[in-house]
Amino acid sequence: MEVLRKFEYAVDRLSGAFGWLAGWLCILMIAIVFIDVIARYLFESGSIAMQEMEWHLFAAVFLLGAAYTMREDANVRVDVFYEKMSTRKKAVIDIFGTVFFVIPMCTLILYSSFDFVTYSYQVQEVSNDPGGLPYRFVFKALLPLGYFLVLIQSCAVISRNIRLLAGDKAIPVKNTAPHQEKL
């Protein structure tokens with residue numbers, strides 16, 4: 001059990017670091033959107049590069065923040081039945097859903113995105129729009145990175161639920177109610 005705890009701790013810290021980064025990227029994205037809107041509507045000038053940066057940051061926030069969301073058990077689900085279930089039943093459902101849905105999806109996206117990112121890097125892909133961003137492959141590389149983080153966080157979720165089913169008493173209890181934001 002100690003090996004599983006250490007694995008979960010390491011993965012949770014990694015997801016937390018990328019969640020922290022996603023939070024700061026969100027603030028940067030808001031600032032860029034604000035500046036872009038002011039420039040467009042007050043000064044009648046816009047920037048293709050700024051608009052593309054907004055899109056790329058939006059994608060980065062979601063790709064890098066997904067594992068953190070999973071770590072915090074804040075992912076979207078229909079809680080009509082789930083919230084009324086016992087802890088053990090929730091653990092079984094979480095293991096089943098992770099093994100049969102999350103891990104195959106992450107594996108498929110990781111497999112299919114490798115050539116997508118590699119080709120983009122090989123041709124040094126840039127924006128098709130004049131004045132757009134260079135180095136598009138950097139943002140495309142966030143796709144496999146984000147899904148890799150979700151994949152390893154999924155393994156930590158499975159590990160945590162296996163420990164719960166095995167009766168491990170060292171599992172932290174979440175203090176927040178479902179859908180309650182932590183500020």
# chains A, B, ... in the order shown; residues from 1 in each chain; ligands from 1
call {"tool": "residues_around", "arguments": {"residues": "Ala67 in chain A", "least_positions_apart": "3", "cutoff": "10 Å", "atoms": "only C-alpha atoms", "output": "number ranges by chain"}}
result
A: 11-12, 14-16, 18-19, 62-64, 70-73, 75, 146-154
call {"tool": "select_by_dssp", "arguments": {"residues": "chain A", "states": "alpha helix (DSSP H)", "output": "PyMOL selection string"}}
result
chain A and resi 2-42+48-71+79-82+87-97+103-122+136-140+142-165
call {"tool": "residues_around", "arguments": {"residues": "Tyr121 in chain A", "least_positions_apart": "6", "cutoff": "9 Å", "atoms": "only C-alpha atoms", "output": "PDB file with N, CA and C atoms, in the first residue's frame"}}
result
ATOM      1  N   TYR A 135       5.586  28.827 -34.734  1.00  0.00           N
ATOM      2  CA  TYR A 135       5.790  27.707 -33.802  1.00  0.00           C
ATOM      3  C   TYR A 135       4.481  27.077 -33.331  1.00  0.00           C
ATOM      4  N   ARG A 136       3.595  26.792 -34.249  1.00  0.00           N
ATOM      5  CA  ARG A 136       2.308  26.181 -33.892  1.00  0.00           C
ATOM      6  C   ARG A 136       2.496  24.801 -33.259  1.00  0.00           C
ATOM      7  N   PHE A 137       3.600  24.139 -33.595  1.00  0.00           N
ATOM      8  CA  PHE A 137       3.856  22.806 -33.046  1.00  0.00           C
ATOM      9  C   PHE A 137       3.991  22.829 -31.524  1.00  0.00           C
ATOM     10  N   VAL A 138       4.396  23.946 -30.950  1.00  0.00           N
ATOM     11  CA  VAL A 138       4.513  24.045 -29.493  1.00  0.00           C
ATOM     12  C   VAL A 138       3.136  23.876 -28.858  1.00  0.00           C
ATOM     13  N   ALA A 141       1.799  20.352 -29.241  1.00  0.00           N
ATOM     14  CA  ALA A 141       2.436  19.405 -28.330  1.00  0.00           C
ATOM     15  C   ALA A 141       1.716  19.342 -26.980  1.00  0.00           C
TER      16      ALA A 141
END
call {"tool": "closest_residue", "arguments": {"among": "A:Ala10, A:Leu165, A:Ile38, A:Ile30", "to": "Trp55 in chain A", "atoms": "only C-alpha atoms"}}
result
A:Ile30
call {"tool": "residues_around", "arguments": {"residues": "Gly167 in chain A", "least_positions_apart": "3", "cutoff": "12 Å", "atoms": "only C-alpha atoms", "output": "PDB file with C-alpha atoms, in the first residue's frame"}}
result
ATOM      1  CA  MET A   1       0.000   0.000   0.000  1.00  0.00           C
ATOM      2  CA  THR A  87     -18.219   5.110  -0.759  1.00  0.00           C
ATOM      3  CA  ARG A  88     -17.459   1.549  -1.845  1.00  0.00           C
ATOM      4  CA  ALA A  91     -15.059   3.459  -5.834  1.00  0.00           C
ATOM      5  CA  ARG A 160      -6.758   5.358  -4.600  1.00  0.00           C
ATOM      6  CA  ASN A 161     -10.011   3.488  -5.165  1.00  0.00           C
ATOM      7  CA  ILE A 162      -8.308   0.084  -4.923  1.00  0.00           C
ATOM      8  CA  ARG A 163      -6.806   1.148  -1.596  1.00  0.00           C
ATOM      9  CA  LEU A 164     -10.237   2.300  -0.466  1.00  0.00           C
ATOM     10  CA  ALA A 170      -4.950   6.454   5.122  1.00  0.00           C
ATOM     11  CA  ILE A 171      -7.196   7.808   2.362  1.00  0.00           C
TER      12      ILE A 171
END
call {"tool": "closest_residue", "arguments": {"among": "A:Ala22, A:Ala156, A:Met50, A:Ile109", "to": "Phe34 in chain A", "atoms": "only C-alpha atoms"}}
result
A:Met50
